[in-house]
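Report on the following structure.
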Amino acid sequence: MTETDPRHFLDVDDLSAAELDEVLGLAAEYKAEQQAGVLHDDLDNQTLGMVFEKPSTRTRVSFETGMTQLGGHAVFLSDSDLQLGRGEPLKDTSRALSRYVDVLMARLFDHEALEEIADYADVPVVNGLTDDAHPCQTLADLLTIQEHTGGLSEATVAWVGDGNNVAQSFVIGAALAGIDLTVATPEGYEIDADVIERAGELGPAPTVSDDPAAAVDGADVVYTDVWVSMGQEDEREEKLAALDGYQVNDDLLADAADDVAVMHCLPAHRGEEITDDVLESDHAIVWDQAENRLHAQKGLLVWLCEYA
Ligand code: CP
Ligand code: NVA
């Protein structure tokens with residue numbers, strides 16, 4: 001890495017604990033100021049390129065809106081519209097886009113493809129979700145937990161369900177933030193061992209189990225995500241069978257804290273990983289969580305473009 005190399009955000013541990021704190025601090029400031037009607041032009045004249053190989057509601061709209069609110073602009077680029085869809089190599093796409101945009105966000109299947117984009121980019125590259133990680137989601141999750149509990153290091157959190165991309169970045173972020181985390185995943189769908197190891201080097205390692213009831217016992221926050229992620233449609237029956245018993249429902253939450261907060265990165269599949277009753281209950285903080293994507297990413301974009 002040379003002095004001129006940009007900082008990338010491919011997973012949460014591309015930030016140190018102190019840097020994560022700075023980004024979350026900026027996010028909280030932008031949120032408070034937006035609520036007070038204060039306008040900003042911190043990214044005046046700057047452009048975010050957004051490459052999508054998978055669909056998105058929250059990521060696309062929060063990034064695009066965030067850039068507008070910061071005085072900048074975002075360009076939506078689906079892979080089928082780019083020459084990438086006709087076989088132009090990633091490294092060429094990355095170098096060409098770097099000559100136009102100030103920051104690049106990509107939602108891809110393959111995490112290594114994102115790493116290749118970052119290797120060739122002259123501008124910061126942000127992970128908008130890969131099969132392995134969803135670190136922008138984690139920033140919003142941490143902001144949300146901070147708002148709804150006594151503080152990150154005070155929170156007891158349980159992840160229940162698939163050990164997927166959202167879970168993996170959350171494990172890393174929770175360790176960096178000092179969260180007491182228990183992860184309950186079924187056999188065959190655990191968090192990758194190297195993610196648990198990385199987390200343990202950054203902070204408190206999560207307690208890993210296959211027992212949802214034990215994980216949720218006394219938890220302040222219970223977090224889940226879909227059982228069949230984008231691109232896993234062929235594994236649907238197998239995954240539904242493995243995850244049977246991991247649904248976040250009223251029975252499972254009976255032994256959680258009385259005021260337990262329930263999180264979901266969305267989109268949710270009611271009747272699979274979570275019941276409609278729980279999602280529509282006062283325990284669910286999923287809309288604050290979704291809103292916080294906007295504030296967290298404004299903090300991240302300004303940090304990457306102006307501070308890093
Ligand atoms: N949580 C999340 O990333 O949602 P989208 O797939 O709608 O972007
Ligand atoms: N795990 C889900 C997250 C969607 C935001 C998926 O990858 O489809």
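Chain labels run A, B, ... following the order of the structure tokens; each chain numbers its residues from 1, and ligands are numbered from 1 in the order shown.
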Surrounding residues of A:Gly66 excluding itself and chain neighbours under 4 positions, 7 Å, only C-alpha atoms, as a compact mmCIF listing (two decimals) with N, CA and C atoms, in the first residue's frame:
```
# COMPACT_ATOMS: atom_id res chain seq x y z
N SER A 62 -30.73 4.15 -0.14
CA SER A 62 -30.06 4.89 0.93
C SER A 62 -28.75 5.50 0.45
N LEU A 70 -25.85 14.99 0.67
CA LEU A 70 -24.51 15.54 0.93
C LEU A 70 -24.03 16.44 -0.21
N LEU A 294 -29.16 4.88 5.84
CA LEU A 294 -28.90 6.20 5.23
C LEU A 294 -27.87 6.98 6.05
N LYS A 298 -23.90 7.82 5.09
CA LYS A 298 -23.44 9.21 4.94
C LYS A 298 -22.16 9.39 5.76
```
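Shell of A:Ala219 at 8 Å, with only C-alpha atoms counted and residues fewer than 5 places along the chain excluded, is Thr156, Val157, Ala158, Ala256, Ala257 and Val260 of chain A.
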Among stretch 83-224 of chain A, which residues carry a DSSP assignment of strand (DSSP E), reported as a compact mmCIF listing (two decimals) with N, CA and C atoms, in the first residue's frame?
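Once written, states_33.txt looks like this:
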```txt
# COMPACT_ATOMS: atom_id res chain seq x y z
N VAL A 103 -15.99 7.69 -5.56
CA VAL A 103 -16.12 6.53 -4.67
C VAL A 103 -17.02 5.53 -5.38
N LEU A 104 -16.74 4.26 -5.14
CA LEU A 104 -17.42 3.19 -5.88
C LEU A 104 -18.03 2.21 -4.87
N MET A 105 -19.29 1.89 -5.04
CA MET A 105 -19.92 0.88 -4.20
C MET A 105 -20.35 -0.27 -5.10
N ALA A 106 -20.19 -1.51 -4.66
CA ALA A 106 -20.61 -2.64 -5.49
C ALA A 106 -21.31 -3.70 -4.65
N ARG A 107 -22.39 -4.23 -5.20
CA ARG A 107 -23.10 -5.39 -4.62
C ARG A 107 -22.89 -6.53 -5.59
N VAL A 125 -13.46 1.88 -2.42
CA VAL A 125 -14.47 0.89 -2.82
C VAL A 125 -15.23 0.43 -1.58
N VAL A 126 -16.54 0.42 -1.68
CA VAL A 126 -17.41 0.05 -0.55
C VAL A 126 -18.19 -1.21 -0.91
N ASN A 127 -18.24 -2.14 0.03
CA ASN A 127 -19.00 -3.38 -0.16
C ASN A 127 -20.49 -3.13 0.11
N THR A 156 -26.44 -7.06 25.22
CA THR A 156 -26.35 -8.51 25.04
C THR A 156 -27.18 -8.86 23.82
N VAL A 157 -26.53 -9.38 22.80
CA VAL A 157 -27.19 -9.59 21.51
C VAL A 157 -27.14 -11.07 21.13
N ALA A 158 -28.23 -11.57 20.57
CA ALA A 158 -28.26 -12.94 20.05
C ALA A 158 -28.54 -12.90 18.56
N TRP A 159 -27.70 -13.57 17.77
CA TRP A 159 -28.00 -13.80 16.35
C TRP A 159 -28.60 -15.19 16.25
N VAL A 160 -29.76 -15.29 15.61
CA VAL A 160 -30.44 -16.60 15.49
C VAL A 160 -30.73 -16.86 14.01
N ASP A 180 -21.50 -8.06 23.62
CA ASP A 180 -21.59 -9.44 24.13
C ASP A 180 -22.57 -10.18 23.19
N LEU A 181 -22.02 -11.01 22.30
CA LEU A 181 -22.82 -11.64 21.24
C LEU A 181 -22.83 -13.16 21.37
N THR A 182 -24.01 -13.74 21.24
CA THR A 182 -24.14 -15.19 21.11
C THR A 182 -24.76 -15.48 19.74
N VAL A 183 -24.20 -16.44 19.05
CA VAL A 183 -24.65 -16.79 17.72
C VAL A 183 -25.23 -18.20 17.77
N ALA A 184 -26.49 -18.37 17.35
CA ALA A 184 -27.08 -19.72 17.26
C ALA A 184 -27.37 -20.02 15.80
N THR A 207 -20.02 -16.12 21.53
CA THR A 207 -20.31 -17.47 21.99
C THR A 207 -21.06 -18.14 20.84
N VAL A 208 -20.58 -19.31 20.45
CA VAL A 208 -21.18 -19.99 19.29
C VAL A 208 -21.96 -21.21 19.77
N SER A 209 -23.21 -21.32 19.31
CA SER A 209 -24.02 -22.46 19.74
C SER A 209 -24.98 -22.87 18.63
N VAL A 221 -31.20 -7.79 22.61
CA VAL A 221 -31.45 -7.66 21.18
C VAL A 221 -31.40 -9.05 20.55
N VAL A 222 -32.38 -9.36 19.72
CA VAL A 222 -32.37 -10.61 18.95
C VAL A 222 -32.39 -10.23 17.47
N TYR A 223 -31.45 -10.79 16.71
CA TYR A 223 -31.26 -10.38 15.31
C TYR A 223 -31.37 -11.63 14.43
N THR A 224 -32.10 -11.50 13.34
CA THR A 224 -32.15 -12.60 12.37
C THR A 224 -32.17 -12.06 10.94
```
Selection as a ChimeraX atom specification: residues within 6 Å of ligand 2 by only C-alpha atoms and all ligand atoms: /A:164-166,226,229-230,266
Okay, now the selection with all heavy atoms, as a PDB file, in the first residue's frame?
```
ATOM      1  N   ASN A 164     -24.936 -16.267   7.691  1.00  0.00           N
ATOM      2  CA  ASN A 164     -24.744 -15.728   6.335  1.00  0.00           C
ATOM      3  C   ASN A 164     -23.897 -14.455   6.309  1.00  0.00           C
ATOM      4  O   ASN A 164     -23.259 -14.086   7.302  1.00  0.00           O
ATOM      5  CB  ASN A 164     -26.110 -15.531   5.675  1.00  0.00           C
ATOM      6  CG  ASN A 164     -26.952 -14.473   6.403  1.00  0.00           C
ATOM      7  OD1 ASN A 164     -26.453 -13.717   7.226  1.00  0.00           O
ATOM      8  ND2 ASN A 164     -28.229 -14.430   6.086  1.00  0.00           N
ATOM      9  N   ASN A 165     -23.934 -13.775   5.153  1.00  0.00           N
ATOM     10  CA  ASN A 165     -23.177 -12.531   4.950  1.00  0.00           C
ATOM     11  C   ASN A 165     -23.476 -11.470   6.017  1.00  0.00           C
ATOM     12  O   ASN A 165     -22.550 -10.852   6.561  1.00  0.00           O
ATOM     13  CB  ASN A 165     -23.447 -11.972   3.542  1.00  0.00           C
ATOM     14  CG  ASN A 165     -24.914 -12.017   3.121  1.00  0.00           C
ATOM     15  OD1 ASN A 165     -25.804 -12.313   3.917  1.00  0.00           O
ATOM     16  ND2 ASN A 165     -25.160 -11.736   1.848  1.00  0.00           N
ATOM     17  N   VAL A 166     -24.751 -11.282   6.327  1.00  0.00           N
ATOM     18  CA  VAL A 166     -25.141 -10.266   7.310  1.00  0.00           C
ATOM     19  C   VAL A 166     -24.606 -10.665   8.686  1.00  0.00           C
ATOM     20  O   VAL A 166     -24.038  -9.856   9.416  1.00  0.00           O
ATOM     21  CB  VAL A 166     -26.678 -10.095   7.319  1.00  0.00           C
ATOM     22  CG1 VAL A 166     -27.128  -9.192   8.454  1.00  0.00           C
ATOM     23  CG2 VAL A 166     -27.151  -9.539   5.974  1.00  0.00           C
ATOM     24  N   VAL A 226     -32.969 -13.566   6.553  1.00  0.00           N
ATOM     25  CA  VAL A 226     -33.600 -14.613   5.731  1.00  0.00           C
ATOM     26  C   VAL A 226     -32.793 -15.906   5.772  1.00  0.00           C
ATOM     27  O   VAL A 226     -31.585 -15.899   5.974  1.00  0.00           O
ATOM     28  CB  VAL A 226     -33.731 -14.166   4.255  1.00  0.00           C
ATOM     29  CG1 VAL A 226     -34.748 -13.061   4.116  1.00  0.00           C
ATOM     30  CG2 VAL A 226     -32.392 -13.766   3.663  1.00  0.00           C
ATOM     31  N   SER A 229     -30.717 -16.728   1.099  1.00  0.00           N
ATOM     32  CA  SER A 229     -30.174 -15.467   0.595  1.00  0.00           C
ATOM     33  C   SER A 229     -30.206 -15.429  -0.932  1.00  0.00           C
ATOM     34  O   SER A 229     -30.375 -16.468  -1.589  1.00  0.00           O
ATOM     35  CB  SER A 229     -28.735 -15.293   1.090  1.00  0.00           C
ATOM     36  OG  SER A 229     -28.730 -14.934   2.454  1.00  0.00           O
ATOM     37  N   MET A 230     -29.995 -14.219  -1.464  1.00  0.00           N
ATOM     38  CA  MET A 230     -29.983 -14.055  -2.929  1.00  0.00           C
ATOM     39  C   MET A 230     -28.901 -14.949  -3.539  1.00  0.00           C
ATOM     40  O   MET A 230     -27.753 -14.927  -3.088  1.00  0.00           O
ATOM     41  CB  MET A 230     -29.706 -12.592  -3.278  1.00  0.00           C
ATOM     42  CG  MET A 230     -30.843 -11.665  -2.891  1.00  0.00           C
ATOM     43  SD  MET A 230     -30.508  -9.934  -3.300  1.00  0.00           S
ATOM     44  CE  MET A 230     -29.544  -9.406  -1.893  1.00  0.00           C
ATOM     45  N   LEU A 266     -33.788  -6.963   6.673  1.00  0.00           N
ATOM     46  CA  LEU A 266     -34.804  -6.858   5.622  1.00  0.00           C
ATOM     47  C   LEU A 266     -34.176  -7.056   4.234  1.00  0.00           C
ATOM     48  O   LEU A 266     -33.019  -6.668   4.061  1.00  0.00           O
ATOM     49  CB  LEU A 266     -35.553  -5.524   5.685  1.00  0.00           C
ATOM     50  CG  LEU A 266     -36.217  -5.203   7.030  1.00  0.00           C
ATOM     51  CD1 LEU A 266     -36.815  -3.790   6.997  1.00  0.00           C
ATOM     52  CD2 LEU A 266     -37.311  -6.228   7.359  1.00  0.00           C
TER      53      LEU A 266
END
```
Given 10 Å and only C-alpha atoms and all ligand atoms, residues near ligand 1 as number ranges by chain: A: 54-63, 107, 128-129, 134-138, 140, 166, 225, 229-230, 264-268, 286, 289-290, 293
Stretch 127-156 of chain A: residues DSSP assigns to alpha helix (DSSP H), reported as a list of chain:residue names: A:Pro135, A:Cys136, A:Gln137, A:Thr138, A:Leu139, A:Ala140, A:Asp141, A:Leu142, A:Leu143, A:Thr144, A:Ile145, A:Gln146, A:Glu147, A:His148
